[in-house]
Amino acid sequence: MIRVQVPATTANVGPGFDALGIALDLYNVFYMEEIDSGLIIEGVDEEFKNEDNLIYQSMVTTFEEIGYRPKGIRIKVESNIPVSRGLGSSATCIVGGIMGANALGGSILDKYGILKIATEIEGHPDNVAPCIFGGMVTSIYDKGEIHYSKIPVKNDYSFCPLIPNFKLSTSEARGVLPEVVDYKKAVFNVGRVALLIGSLVNGEDELLGLACDDVLHQPYRGGLIRDYDNIVNAVKEAGVKGVFLSGAGPTIMTIVRENHDYIKRMNDYLSMLEDNWIIKDLKIDNGGAFVEECR
């Protein structure tokens with residue numbers, strides 16, 4: 001049996017729309033083995049126990065790529081990452097499926113080969129790249145090739161996501177974005193994303209708040225989230241270093257450093273809101289997804 005552990009991710013990271021992602025120490029775990037025949041999927045809702053399952057579909061794509069034909073497959077899922085919340089749950093299914101299939105088929109693919117298949121399935125590498133490599137990764141997809149760079153983050157930050165009890169589909173979040181971007185807004189984001197990377201690399205905490213500003217997607221997607229502006233103002237008053245919408249939302253990510261009562265203060269605040277929100281205290285996962293054999 002193969003065990004694959006894949007980290008959650010927070011993508012976009014403020015102004016880094018479709019280009020930046022960070023792996024976090026919250027994990028989905030997948031167990032996979034070849035069986036005599038058929039398909040067995042455990043640990044998921046009944047509607048996902050079929051051949052349309054994203055994990056299985058990613059495995060099938062990988063088996064075709066490496067030329068391996070399993071007799072049958074059993075998959076068991078241990079899910080710890082909330083679905084459709086902007087924390088890369090679907091990316092973990094894609095990466096987990098590819099890495100599991102690759103291991104069962106003889107470990108033919110290297111990490112770049114895994115990244116290529118994952119990007120083809122996902123459509124862009126901003127979530128799957130940090131899933132695979134860990135840490136903070138910037139990536140682009142150009143003419144069928146993925147180019148990426150792992151960015152060293154100097155300080156020991158806590159990444160504290162505020163996660164609501166409601167979902168926000170990627171298609172809905174994409175649907176509110178404008179088709180044409182104003183030139184000044186593009187320049188605004190270019191400057192912020194450069195400042196964001198520089199401040200994280202150099203440990204310049206005082207720049208993070210400004211560097212997380214964005215005008216390309218957050219103002220539009222924030223309107224889909226009840227109490228969004230109020231929550232953002234509350235976390236800023238609580239002394240966070242930076243705040244941004246995680247992926248397509250609705251999770252709101254905060255960057256914290258040496259603020260020991262922050263979690264308690266935000267729990268008290270969130271308990272007064274109409275929706276149910278939880279907050280987690282996470283760190284950067286620098287190792288990325290990994291595979292191991294188990295009994």
# chains A, B, ... in the order shown; residues from 1 in each chain; ligands from 1
>>> residues_around(residues="Gly247 in chain A", least_positions_apart="6", cutoff="6 Å", atoms="only C-alpha atoms", output="PyMOL selection string")
chain A and resi 10-12+86
>>> residues_around(residues="Gly72 in chain A", least_positions_apart="2", cutoff="10 Å", atoms="only C-alpha atoms", output="list in words")
Glu33, Glu34, Ile35, Asp36, Ser37, Gly38, Leu39, Ile40, Arg69, Pro70 and Arg74 of chain A
>>> residues_around(residues="range 183-188 of chain A", least_positions_apart="5", cutoff="10 Å", atoms="only C-alpha atoms", output="PDB file with C-alpha atoms, in the first residue's frame")
ATOM      1  CA  PRO A  15      -1.521  40.686  -5.289  1.00  0.00           C
ATOM      2  CA  VAL A 193       3.699  41.608  -5.611  1.00  0.00           C
ATOM      3  CA  ASP A 213      -3.038  44.907  -1.075  1.00  0.00           C
ATOM      4  CA  ASP A 214      -4.696  43.863  -4.323  1.00  0.00           C
ATOM      5  CA  VAL A 215      -7.113  45.408  -6.814  1.00  0.00           C
ATOM      6  CA  LEU A 216      -7.450  42.575  -9.363  1.00  0.00           C
TER       7      LEU A 216
END
>>> select_by_dssp(residues="range 70-207 of chain A", states="alpha helix (DSSP H)", output="compact mmCIF listing (two decimals) with all heavy atoms, in the first residue's frame")
# COMPACT_ATOMS: atom_id res chain seq x y z
N SER A 89 -7.86 22.18 -1.52
CA SER A 89 -8.30 20.81 -1.34
C SER A 89 -8.27 20.03 -2.66
O SER A 89 -7.81 18.89 -2.70
CB SER A 89 -9.72 20.79 -0.76
OG SER A 89 -10.22 19.48 -0.68
N SER A 90 -8.77 20.63 -3.74
CA SER A 90 -8.77 19.93 -5.03
C SER A 90 -7.35 19.69 -5.53
O SER A 90 -7.07 18.66 -6.13
CB SER A 90 -9.58 20.71 -6.07
OG SER A 90 -9.00 21.98 -6.32
N ALA A 91 -6.44 20.63 -5.25
CA ALA A 91 -5.05 20.44 -5.66
C ALA A 91 -4.43 19.25 -4.94
O ALA A 91 -3.64 18.51 -5.53
CB ALA A 91 -4.24 21.71 -5.37
N THR A 92 -4.80 19.03 -3.67
CA THR A 92 -4.26 17.86 -2.96
C THR A 92 -4.75 16.56 -3.59
O THR A 92 -4.01 15.58 -3.65
CB THR A 92 -4.62 17.86 -1.46
OG1 THR A 92 -6.03 17.65 -1.30
CG2 THR A 92 -4.21 19.15 -0.79
N CYS A 93 -6.01 16.57 -4.05
CA CYS A 93 -6.55 15.36 -4.69
C CYS A 93 -5.80 15.07 -6.00
O CYS A 93 -5.49 13.92 -6.30
CB CYS A 93 -8.04 15.54 -4.97
SG CYS A 93 -9.06 15.62 -3.48
N ILE A 94 -5.53 16.12 -6.76
CA ILE A 94 -4.81 15.95 -8.03
C ILE A 94 -3.39 15.46 -7.78
O ILE A 94 -2.95 14.46 -8.36
CB ILE A 94 -4.80 17.28 -8.80
CG1 ILE A 94 -6.22 17.64 -9.26
CG2 ILE A 94 -3.85 17.21 -10.00
CD1 ILE A 94 -6.36 19.06 -9.79
N VAL A 95 -2.67 16.16 -6.91
CA VAL A 95 -1.28 15.80 -6.64
C VAL A 95 -1.20 14.43 -5.97
O VAL A 95 -0.36 13.59 -6.32
CB VAL A 95 -0.60 16.87 -5.75
CG1 VAL A 95 0.77 16.40 -5.27
CG2 VAL A 95 -0.47 18.18 -6.52
N GLY A 96 -2.11 14.16 -5.02
CA GLY A 96 -2.12 12.86 -4.37
C GLY A 96 -2.37 11.73 -5.34
O GLY A 96 -1.71 10.68 -5.28
N GLY A 97 -3.33 11.93 -6.25
CA GLY A 97 -3.63 10.90 -7.25
C GLY A 97 -2.45 10.64 -8.18
O GLY A 97 -2.12 9.48 -8.47
N ILE A 98 -1.80 11.70 -8.63
CA ILE A 98 -0.66 11.55 -9.54
C ILE A 98 0.51 10.85 -8.84
O ILE A 98 1.11 9.91 -9.37
CB ILE A 98 -0.21 12.93 -10.07
CG1 ILE A 98 -1.31 13.55 -10.93
CG2 ILE A 98 1.08 12.81 -10.89
CD1 ILE A 98 -1.06 15.01 -11.26
N MET A 99 0.83 11.31 -7.63
CA MET A 99 1.98 10.74 -6.94
C MET A 99 1.72 9.29 -6.53
O MET A 99 2.63 8.45 -6.58
CB MET A 99 2.33 11.60 -5.72
CG MET A 99 2.83 12.99 -6.09
SD MET A 99 3.37 14.00 -4.68
CE MET A 99 4.89 13.18 -4.21
N GLY A 100 0.48 8.99 -6.14
CA GLY A 100 0.15 7.61 -5.80
C GLY A 100 0.24 6.69 -7.00
O GLY A 100 0.80 5.59 -6.93
N ALA A 101 -0.31 7.13 -8.13
CA ALA A 101 -0.27 6.32 -9.35
C ALA A 101 1.17 6.13 -9.83
O ALA A 101 1.56 5.04 -10.27
CB ALA A 101 -1.10 7.00 -10.44
N ASN A 102 1.95 7.20 -9.74
CA ASN A 102 3.35 7.11 -10.16
C ASN A 102 4.11 6.10 -9.30
O ASN A 102 4.90 5.30 -9.82
CB ASN A 102 4.00 8.49 -10.05
CG ASN A 102 5.43 8.52 -10.56
OD1 ASN A 102 5.72 8.07 -11.66
ND2 ASN A 102 6.31 9.05 -9.74
N ALA A 103 3.85 6.09 -7.99
CA ALA A 103 4.51 5.14 -7.10
C ALA A 103 4.08 3.71 -7.40
O ALA A 103 4.92 2.79 -7.45
CB ALA A 103 4.21 5.50 -5.65
N LEU A 104 2.79 3.51 -7.63
CA LEU A 104 2.30 2.16 -7.94
C LEU A 104 2.84 1.67 -9.28
O LEU A 104 3.03 0.47 -9.48
CB LEU A 104 0.77 2.15 -7.97
CG LEU A 104 0.06 2.32 -6.63
CD1 LEU A 104 -1.45 2.48 -6.84
CD2 LEU A 104 0.33 1.14 -5.70
N LYS A 111 9.64 15.01 -10.04
CA LYS A 111 8.70 16.00 -9.53
C LYS A 111 8.23 16.96 -10.63
O LYS A 111 7.08 17.43 -10.60
CB LYS A 111 9.31 16.78 -8.36
CG LYS A 111 9.32 15.99 -7.06
CD LYS A 111 9.55 16.89 -5.86
CE LYS A 111 9.32 16.13 -4.55
NZ LYS A 111 9.49 16.99 -3.37
N TYR A 112 9.09 17.25 -11.58
CA TYR A 112 8.66 18.14 -12.66
C TYR A 112 7.62 17.44 -13.53
O TYR A 112 6.65 18.07 -13.97
CB TYR A 112 9.84 18.60 -13.53
CG TYR A 112 9.40 19.58 -14.60
CD1 TYR A 112 9.12 20.91 -14.27
CD2 TYR A 112 9.23 19.18 -15.92
CE1 TYR A 112 8.70 21.81 -15.24
CE2 TYR A 112 8.81 20.07 -16.89
CZ TYR A 112 8.55 21.39 -16.55
OH TYR A 112 8.11 22.28 -17.49
N GLY A 113 7.80 16.17 -13.77
CA GLY A 113 6.80 15.42 -14.53
C GLY A 113 5.47 15.38 -13.81
O GLY A 113 4.40 15.48 -14.44
N ILE A 114 5.52 15.25 -12.49
CA ILE A 114 4.29 15.29 -11.67
C ILE A 114 3.65 16.67 -11.78
O ILE A 114 2.43 16.79 -11.94
CB ILE A 114 4.62 14.94 -10.21
CG1 ILE A 114 5.04 13.46 -10.11
CG2 ILE A 114 3.44 15.23 -9.29
CD1 ILE A 114 5.68 13.09 -8.79
N LEU A 115 4.46 17.72 -11.73
CA LEU A 115 3.96 19.09 -11.84
C LEU A 115 3.28 19.32 -13.18
O LEU A 115 2.23 19.98 -13.26
CB LEU A 115 5.11 20.08 -11.65
CG LEU A 115 4.78 21.56 -11.84
CD1 LEU A 115 3.76 22.03 -10.80
CD2 LEU A 115 6.04 22.41 -11.76
N LYS A 116 3.85 18.80 -14.26
CA LYS A 116 3.26 19.01 -15.60
C LYS A 116 1.87 18.39 -15.69
O LYS A 116 0.93 19.02 -16.18
CB LYS A 116 4.17 18.42 -16.68
CG LYS A 116 5.39 19.25 -17.01
CD LYS A 116 5.99 18.88 -18.36
CE LYS A 116 5.10 19.35 -19.51
NZ LYS A 116 5.74 19.16 -20.83
N ILE A 117 1.74 17.17 -15.22
CA ILE A 117 0.42 16.52 -15.27
C ILE A 117 -0.56 17.26 -14.37
O ILE A 117 -1.72 17.50 -14.76
CB ILE A 117 0.53 15.04 -14.85
CG1 ILE A 117 1.40 14.27 -15.84
CG2 ILE A 117 -0.85 14.41 -14.77
CD1 ILE A 117 1.65 12.83 -15.44
N ALA A 118 -0.12 17.64 -13.19
CA ALA A 118 -1.00 18.34 -12.25
C ALA A 118 -1.48 19.67 -12.82
O ALA A 118 -2.65 20.04 -12.68
CB ALA A 118 -0.28 18.57 -10.92
N THR A 119 -0.59 20.38 -13.50
CA THR A 119 -0.96 21.66 -14.09
C THR A 119 -1.93 21.48 -15.24
O THR A 119 -2.86 22.28 -15.42
CB THR A 119 0.31 22.41 -14.56
OG1 THR A 119 1.18 22.61 -13.44
CG2 THR A 119 -0.04 23.77 -15.15
N GLU A 120 -1.73 20.44 -16.03
CA GLU A 120 -2.65 20.16 -17.13
C GLU A 120 -4.06 19.86 -16.61
O GLU A 120 -5.05 20.27 -17.21
CB GLU A 120 -2.13 19.01 -17.97
CG GLU A 120 -0.90 19.37 -18.80
CD GLU A 120 -0.18 18.15 -19.36
OE1 GLU A 120 -0.68 17.02 -19.15
OE2 GLU A 120 0.90 18.33 -19.97
N ILE A 121 -4.13 19.16 -15.48
CA ILE A 121 -5.44 18.84 -14.91
C ILE A 121 -6.06 20.07 -14.24
O ILE A 121 -7.23 20.38 -14.43
CB ILE A 121 -5.31 17.70 -13.89
CG1 ILE A 121 -4.87 16.41 -14.58
CG2 ILE A 121 -6.65 17.46 -13.16
CD1 ILE A 121 -4.52 15.28 -13.62
N GLU A 122 -5.26 20.79 -13.46
CA GLU A 122 -5.74 21.94 -12.68
C GLU A 122 -5.96 23.17 -13.55
O GLU A 122 -6.83 23.98 -13.27
CB GLU A 122 -4.75 22.24 -11.56
CG GLU A 122 -5.08 23.44 -10.70
CD GLU A 122 -6.10 23.16 -9.61
OE1 GLU A 122 -6.89 22.21 -9.75
OE2 GLU A 122 -6.11 23.90 -8.61
N VAL A 128 -0.76 23.72 -7.24
CA VAL A 128 -0.10 22.42 -7.28
C VAL A 128 1.41 22.52 -7.10
O VAL A 128 2.05 21.60 -6.58
CB VAL A 128 -0.45 21.66 -8.59
CG1 VAL A 128 -1.92 21.31 -8.61
CG2 VAL A 128 -0.06 22.44 -9.84
N ALA A 129 2.02 23.63 -7.52
CA ALA A 129 3.47 23.78 -7.37
C ALA A 129 3.90 23.78 -5.90
O ALA A 129 4.79 23.00 -5.51
CB ALA A 129 3.97 25.02 -8.10
N PRO A 130 3.31 24.62 -5.03
CA PRO A 130 3.69 24.52 -3.61
C PRO A 130 3.27 23.20 -2.97
O PRO A 130 3.94 22.72 -2.05
CB PRO A 130 2.97 25.72 -2.97
CG PRO A 130 1.90 26.11 -3.92
CD PRO A 130 2.42 25.76 -5.28
N CYS A 131 2.17 22.60 -3.46
CA CYS A 131 1.78 21.26 -2.99
C CYS A 131 2.94 20.28 -3.15
O CYS A 131 3.25 19.51 -2.25
CB CYS A 131 0.61 20.74 -3.83
SG CYS A 131 -0.98 20.75 -3.00
N ILE A 132 3.55 20.32 -4.31
CA ILE A 132 4.60 19.36 -4.67
C ILE A 132 5.94 19.71 -4.03
O ILE A 132 6.62 18.84 -3.46
CB ILE A 132 4.74 19.28 -6.20
CG1 ILE A 132 3.45 18.72 -6.82
CG2 ILE A 132 5.95 18.43 -6.60
CD1 ILE A 132 3.36 18.90 -8.32
N PHE A 133 6.32 20.97 -4.09
CA PHE A 133 7.67 21.37 -3.68
C PHE A 133 7.75 21.93 -2.27
O PHE A 133 8.83 22.02 -1.70
CB PHE A 133 8.23 22.41 -4.67
CG PHE A 133 8.36 21.89 -6.08
CD1 PHE A 133 7.46 22.28 -7.05
CD2 PHE A 133 9.36 20.99 -6.41
CE1 PHE A 133 7.56 21.80 -8.35
CE2 PHE A 133 9.47 20.50 -7.71
CZ PHE A 133 8.57 20.91 -8.67
N THR A 170 -15.03 27.84 -7.20
CA THR A 170 -14.07 28.57 -8.02
C THR A 170 -14.76 29.23 -9.21
O THR A 170 -14.42 30.36 -9.59
CB THR A 170 -12.96 27.62 -8.51
OG1 THR A 170 -12.31 27.04 -7.38
CG2 THR A 170 -11.93 28.37 -9.34
N SER A 171 -15.74 28.54 -9.80
CA SER A 171 -16.44 29.11 -10.96
C SER A 171 -17.20 30.38 -10.57
O SER A 171 -17.21 31.36 -11.33
CB SER A 171 -17.39 28.08 -11.55
OG SER A 171 -18.35 27.66 -10.59
N GLU A 172 -17.82 30.37 -9.41
CA GLU A 172 -18.53 31.57 -8.94
C GLU A 172 -17.54 32.70 -8.67
O GLU A 172 -17.79 33.86 -9.03
CB GLU A 172 -19.32 31.25 -7.67
CG GLU A 172 -20.16 32.41 -7.16
CD GLU A 172 -20.92 32.09 -5.88
OE1 GLU A 172 -20.72 30.99 -5.33
OE2 GLU A 172 -21.71 32.95 -5.45
N ALA A 173 -16.42 32.36 -8.04
CA ALA A 173 -15.42 33.38 -7.73
C ALA A 173 -14.77 33.94 -8.99
O ALA A 173 -14.42 35.12 -9.06
CB ALA A 173 -14.35 32.79 -6.81
N ARG A 174 -14.61 33.10 -10.01
CA ARG A 174 -14.08 33.57 -11.30
C ARG A 174 -15.09 34.44 -12.02
O ARG A 174 -14.75 35.38 -12.73
CB ARG A 174 -13.70 32.38 -12.18
CG ARG A 174 -12.44 31.65 -11.75
CD ARG A 174 -11.22 32.27 -12.33
NE ARG A 174 -10.00 31.61 -11.88
CZ ARG A 174 -8.78 32.03 -12.15
NH1 ARG A 174 -8.61 33.11 -12.88
NH2 ARG A 174 -7.71 31.39 -11.70
N GLY A 175 -16.37 34.10 -11.84
CA GLY A 175 -17.43 34.77 -12.58
C GLY A 175 -17.58 36.25 -12.25
O GLY A 175 -18.12 37.00 -13.06
N TYR A 183 -5.17 49.67 -16.73
CA TYR A 183 -3.70 49.72 -16.74
C TYR A 183 -3.15 50.11 -15.37
O TYR A 183 -2.19 49.51 -14.87
CB TYR A 183 -3.24 50.71 -17.80
CG TYR A 183 -1.75 50.79 -17.97
CD1 TYR A 183 -1.05 49.87 -18.77
CD2 TYR A 183 -1.00 51.79 -17.34
CE1 TYR A 183 0.32 49.95 -18.93
CE2 TYR A 183 0.37 51.87 -17.49
CZ TYR A 183 1.02 50.95 -18.28
OH TYR A 183 2.38 51.03 -18.44
N LYS A 184 -3.77 51.11 -14.73
CA LYS A 184 -3.28 51.56 -13.43
C LYS A 184 -3.41 50.47 -12.37
O LYS A 184 -2.57 50.34 -11.49
CB LYS A 184 -4.04 52.81 -13.01
CG LYS A 184 -3.70 54.05 -13.82
CD LYS A 184 -4.46 55.27 -13.31
CE LYS A 184 -4.09 56.51 -14.13
NZ LYS A 184 -4.84 57.72 -13.66
N LYS A 185 -4.48 49.67 -12.47
CA LYS A 185 -4.65 48.57 -11.53
C LYS A 185 -3.58 47.50 -11.74
O LYS A 185 -3.09 46.91 -10.78
CB LYS A 185 -6.04 47.97 -11.67
CG LYS A 185 -7.16 48.87 -11.16
CD LYS A 185 -8.51 48.19 -11.23
CE LYS A 185 -9.59 49.08 -10.63
NZ LYS A 185 -10.93 48.43 -10.69
N ALA A 186 -3.23 47.24 -13.00
CA ALA A 186 -2.18 46.27 -13.28
C ALA A 186 -0.84 46.73 -12.69
O ALA A 186 -0.12 45.94 -12.07
CB ALA A 186 -2.05 46.06 -14.79
N VAL A 187 -0.53 48.01 -12.86
CA VAL A 187 0.71 48.57 -12.32
C VAL A 187 0.69 48.49 -10.79
O VAL A 187 1.70 48.17 -10.15
CB VAL A 187 0.90 50.02 -12.79
CG1 VAL A 187 2.07 50.68 -12.07
CG2 VAL A 187 1.12 50.06 -14.30
N PHE A 188 -0.47 48.78 -10.20
CA PHE A 188 -0.62 48.69 -8.74
C PHE A 188 -0.23 47.30 -8.25
O PHE A 188 0.55 47.15 -7.30
CB PHE A 188 -2.09 49.00 -8.37
CG PHE A 188 -2.39 48.95 -6.90
CD1 PHE A 188 -2.45 50.11 -6.15
CD2 PHE A 188 -2.65 47.73 -6.26
CE1 PHE A 188 -2.75 50.07 -4.79
CE2 PHE A 188 -2.95 47.68 -4.91
CZ PHE A 188 -2.99 48.86 -4.17
N ASN A 189 -0.76 46.26 -8.89
CA ASN A 189 -0.48 44.89 -8.44
C ASN A 189 0.95 44.46 -8.70
O ASN A 189 1.54 43.75 -7.89
CB ASN A 189 -1.45 43.91 -9.09
CG ASN A 189 -2.65 43.61 -8.20
OD1 ASN A 189 -3.32 44.54 -7.75
ND2 ASN A 189 -2.91 42.34 -7.94
N VAL A 190 1.52 44.88 -9.82
CA VAL A 190 2.92 44.53 -10.11
C VAL A 190 3.83 45.06 -8.99
O VAL A 190 4.71 44.35 -8.49
CB VAL A 190 3.35 45.10 -11.47
CG1 VAL A 190 4.87 45.00 -11.64
CG2 VAL A 190 2.66 44.35 -12.61
N GLY A 191 3.60 46.29 -8.59
CA GLY A 191 4.42 46.86 -7.52
C GLY A 191 4.24 46.13 -6.20
O GLY A 191 5.20 45.86 -5.48
N ARG A 192 2.99 45.79 -5.87
CA ARG A 192 2.72 45.12 -4.60
C ARG A 192 3.29 43.72 -4.55
O ARG A 192 3.82 43.29 -3.52
CB ARG A 192 1.21 45.06 -4.35
CG ARG A 192 0.57 46.20 -3.57
CD ARG A 192 1.09 47.52 -3.92
NE ARG A 192 0.42 48.62 -3.22
CZ ARG A 192 0.38 49.85 -3.71
NH1 ARG A 192 0.92 50.12 -4.91
NH2 ARG A 192 -0.19 50.83 -3.04
N VAL A 193 3.19 42.98 -5.65
CA VAL A 193 3.70 41.61 -5.61
C VAL A 193 5.22 41.60 -5.51
O VAL A 193 5.80 40.74 -4.83
CB VAL A 193 3.20 40.79 -6.83
CG1 VAL A 193 3.95 41.14 -8.10
CG2 VAL A 193 3.30 39.30 -6.55
N ALA A 194 5.88 42.57 -6.14
CA ALA A 194 7.34 42.67 -6.01
C ALA A 194 7.71 43.02 -4.57
O ALA A 194 8.65 42.45 -3.99
CB ALA A 194 7.88 43.72 -6.97
N LEU A 195 6.95 43.94 -3.98
CA LEU A 195 7.20 44.33 -2.59
C LEU A 195 6.92 43.18 -1.63
O LEU A 195 7.66 42.98 -0.66
CB LEU A 195 6.33 45.54 -2.24
CG LEU A 195 6.57 46.17 -0.86
CD1 LEU A 195 7.96 46.81 -0.80
CD2 LEU A 195 5.49 47.21 -0.57
N LEU A 196 5.89 42.40 -1.93
CA LEU A 196 5.53 41.26 -1.07
C LEU A 196 6.66 40.23 -1.04
O LEU A 196 7.06 39.77 0.04
CB LEU A 196 4.24 40.62 -1.58
CG LEU A 196 3.78 39.35 -0.87
CD1 LEU A 196 3.47 39.62 0.59
CD2 LEU A 196 2.56 38.75 -1.56
N ILE A 197 7.16 39.86 -2.20
CA ILE A 197 8.24 38.88 -2.25
C ILE A 197 9.48 39.41 -1.54
O ILE A 197 10.11 38.71 -0.74
CB ILE A 197 8.55 38.51 -3.72
CG1 ILE A 197 7.37 37.75 -4.32
CG2 ILE A 197 9.83 37.66 -3.79
CD1 ILE A 197 7.50 37.48 -5.81
N GLY A 198 9.82 40.66 -1.81
CA GLY A 198 10.99 41.25 -1.15
C GLY A 198 10.86 41.29 0.36
O GLY A 198 11.80 40.98 1.09
N SER A 199 9.67 41.64 0.85
CA SER A 199 9.48 41.76 2.29
C SER A 199 9.53 40.41 2.98
O SER A 199 10.03 40.29 4.10
CB SER A 199 8.16 42.49 2.59
OG SER A 199 7.06 41.79 2.06
N LEU A 200 9.01 39.36 2.32
CA LEU A 200 9.06 38.02 2.91
C LEU A 200 10.48 37.46 2.90
O LEU A 200 10.91 36.81 3.85
CB LEU A 200 8.11 37.09 2.17
CG LEU A 200 6.61 37.32 2.42
CD1 LEU A 200 5.77 36.49 1.46
CD2 LEU A 200 6.24 37.00 3.86
N VAL A 201 11.20 37.70 1.82
CA VAL A 201 12.58 37.22 1.72
C VAL A 201 13.48 37.92 2.74
O VAL A 201 14.33 37.30 3.38
CB VAL A 201 13.12 37.43 0.29
CG1 VAL A 201 14.63 37.18 0.24
CG2 VAL A 201 12.41 36.50 -0.69
N ASN A 202 13.27 39.23 2.91
CA ASN A 202 14.15 40.02 3.78
C ASN A 202 13.66 40.11 5.22
O ASN A 202 14.35 40.66 6.08
CB ASN A 202 14.30 41.44 3.21
CG ASN A 202 14.99 41.43 1.86
OD1 ASN A 202 15.92 40.67 1.64
ND2 ASN A 202 14.52 42.28 0.95
>>> closest_atom_pairs(of="range 6-31 of chain A", to="range 148-158 of chain A", cutoff="10 Å", atoms="only C-alpha atoms", output="JSON lines")
{"residue": "A:Ala19", "atom": "CA", "partner": "A:Tyr148", "partner_atom": "CA", "distance": 9.3}
{"residue": "A:Leu20", "atom": "CA", "partner": "A:Ile151", "partner_atom": "CA", "distance": 9.7}
{"residue": "A:Gly21", "atom": "CA", "partner": "A:Lys150", "partner_atom": "CA", "distance": 9.8}
{"residue": "A:Ile22", "atom": "CA", "partner": "A:Ile151", "partner_atom": "CA", "distance": 9.5}
{"residue": "A:Leu24", "atom": "CA", "partner": "A:Ser158", "partner_atom": "CA", "distance": 9.7}
>>> select_by_dssp(residues="range 53-266 of chain A", states="strand (DSSP E or B)", output="PyMOL selection string")
chain A and resi 72-78+136-142+145-151+158-164+242-245+252-256
>>> residues_around(residues="Gln5 in chain A", least_positions_apart="5", cutoff="8 Å", atoms="only C-alpha atoms", output="short mmCIF file (atom, residue, chain, number, x, y, z; two decimals) with N, CA, C and O atoms, in the first residue's frame")
data_model
loop_
_atom_site.label_atom_id
_atom_site.label_comp_id
_atom_site.auth_asym_id
_atom_site.auth_seq_id
_atom_site.Cartn_x
_atom_site.Cartn_y
_atom_site.Cartn_z
N TYR A 27 -2.94 18.79 6.26
CA TYR A 27 -2.71 17.77 5.24
C TYR A 27 -3.94 16.92 4.93
O TYR A 27 -4.72 16.60 5.82
N ASN A 28 -4.05 16.55 3.67
CA ASN A 28 -4.88 15.43 3.26
C ASN A 28 -3.97 14.23 3.04
O ASN A 28 -2.85 14.38 2.51
N VAL A 29 -4.43 13.06 3.47
CA VAL A 29 -3.63 11.84 3.34
C VAL A 29 -4.42 10.83 2.52
O VAL A 29 -5.63 10.63 2.73
N PHE A 30 -3.73 10.20 1.56
CA PHE A 30 -4.36 9.24 0.66
C PHE A 30 -3.62 7.91 0.74
O PHE A 30 -2.38 7.88 0.64
N GLY A 96 -2.11 14.16 -5.02
CA GLY A 96 -2.12 12.86 -4.37
C GLY A 96 -2.37 11.73 -5.34
O GLY A 96 -1.71 10.68 -5.28
N ALA A 289 4.57 17.54 -0.74
CA ALA A 289 3.96 16.21 -0.72
C ALA A 289 5.03 15.12 -0.74
O ALA A 289 6.10 15.29 -1.34
N PHE A 290 4.73 13.99 -0.10
CA PHE A 290 5.65 12.86 -0.15
C PHE A 290 4.89 11.55 -0.15
O PHE A 290 3.76 11.46 0.30
N VAL A 291 5.59 10.53 -0.65
CA VAL A 291 5.02 9.18 -0.77
C VAL A 291 5.86 8.22 0.07
O VAL A 291 7.08 8.34 0.11
#
>>> atom_distance(atom1="CA of Lys241 in chain A", atom2="CA of Asp275 in chain A")
24.9 Å
>>> residues_around(residues="Arg226 in chain A", least_positions_apart="3", cutoff="12 Å", atoms="only C-alpha atoms", output="JSON, numbers by chain")
{"A": [164, 165, 166, 167, 168, 221, 222, 223, 229, 230, 231, 232, 249, 250, 251, 252, 273, 274, 275, 276, 277]}
>>> residues_around(residues="Met253 in chain A", least_positions_apart="5", cutoff="8 Å", atoms="only C-alpha atoms", output="number ranges by chain")
A: 10, 159-162, 243-246
>>> residues_around(residues="Asp285 in chain A", least_positions_apart="6", cutoff="6 Å", atoms="only C-alpha atoms", output="PDB file with all heavy atoms, in the first residue's frame")
ATOM      1  N   ALA A  23       2.651  26.487   0.690  1.00  0.00           N
ATOM      2  CA  ALA A  23       2.218  25.226   1.308  1.00  0.00           C
ATOM      3  C   ALA A  23       2.162  25.395   2.819  1.00  0.00           C
ATOM      4  O   ALA A  23       3.033  26.025   3.423  1.00  0.00           O
ATOM      5  CB  ALA A  23       3.176  24.104   0.939  1.00  0.00           C
ATOM      6  N   LEU A  24       1.130  24.814   3.434  1.00  0.00           N
ATOM      7  CA  LEU A  24       0.909  24.956   4.876  1.00  0.00           C
ATOM      8  C   LEU A  24       0.809  23.588   5.547  1.00  0.00           C
ATOM      9  O   LEU A  24       0.479  22.588   4.900  1.00  0.00           O
ATOM     10  CB  LEU A  24      -0.381  25.749   5.123  1.00  0.00           C
ATOM     11  CG  LEU A  24      -0.408  27.152   4.517  1.00  0.00           C
ATOM     12  CD1 LEU A  24      -1.804  27.744   4.613  1.00  0.00           C
ATOM     13  CD2 LEU A  24       0.610  28.062   5.198  1.00  0.00           C
ATOM     14  N   ASP A  25       1.065  23.545   6.848  1.00  0.00           N
ATOM     15  CA  ASP A  25       1.128  22.252   7.557  1.00  0.00           C
ATOM     16  C   ASP A  25      -0.256  21.753   8.006  1.00  0.00           C
ATOM     17  O   ASP A  25      -0.488  21.459   9.181  1.00  0.00           O
ATOM     18  CB  ASP A  25       2.108  22.308   8.725  1.00  0.00           C
ATOM     19  CG  ASP A  25       1.725  23.307   9.809  1.00  0.00           C
ATOM     20  OD1 ASP A  25       0.791  24.114   9.588  1.00  0.00           O
ATOM     21  OD2 ASP A  25       2.363  23.290  10.882  1.00  0.00           O
ATOM     22  N   GLY A 134       6.604  22.316  -1.703  1.00  0.00           N
ATOM     23  CA  GLY A 134       6.608  22.918  -0.381  1.00  0.00           C
ATOM     24  C   GLY A 134       7.058  24.365  -0.429  1.00  0.00           C
ATOM     25  O   GLY A 134       7.532  24.871  -1.443  1.00  0.00           O
ATOM     26  N   GLY A 135       6.892  25.063   0.693  1.00  0.00           N
ATOM     27  CA  GLY A 135       7.327  26.441   0.800  1.00  0.00           C
ATOM     28  C   GLY A 135       6.478  27.401  -0.006  1.00  0.00           C
ATOM     29  O   GLY A 135       5.342  27.121  -0.375  1.00  0.00           O
TER      30      GLY A 135
END
>>> closest_residue(among="A:Gln218, A:Asn80, A:Thr9, A:Thr62", to="Ser107 in chain A", atoms="only C-alpha atoms")
A:Thr62
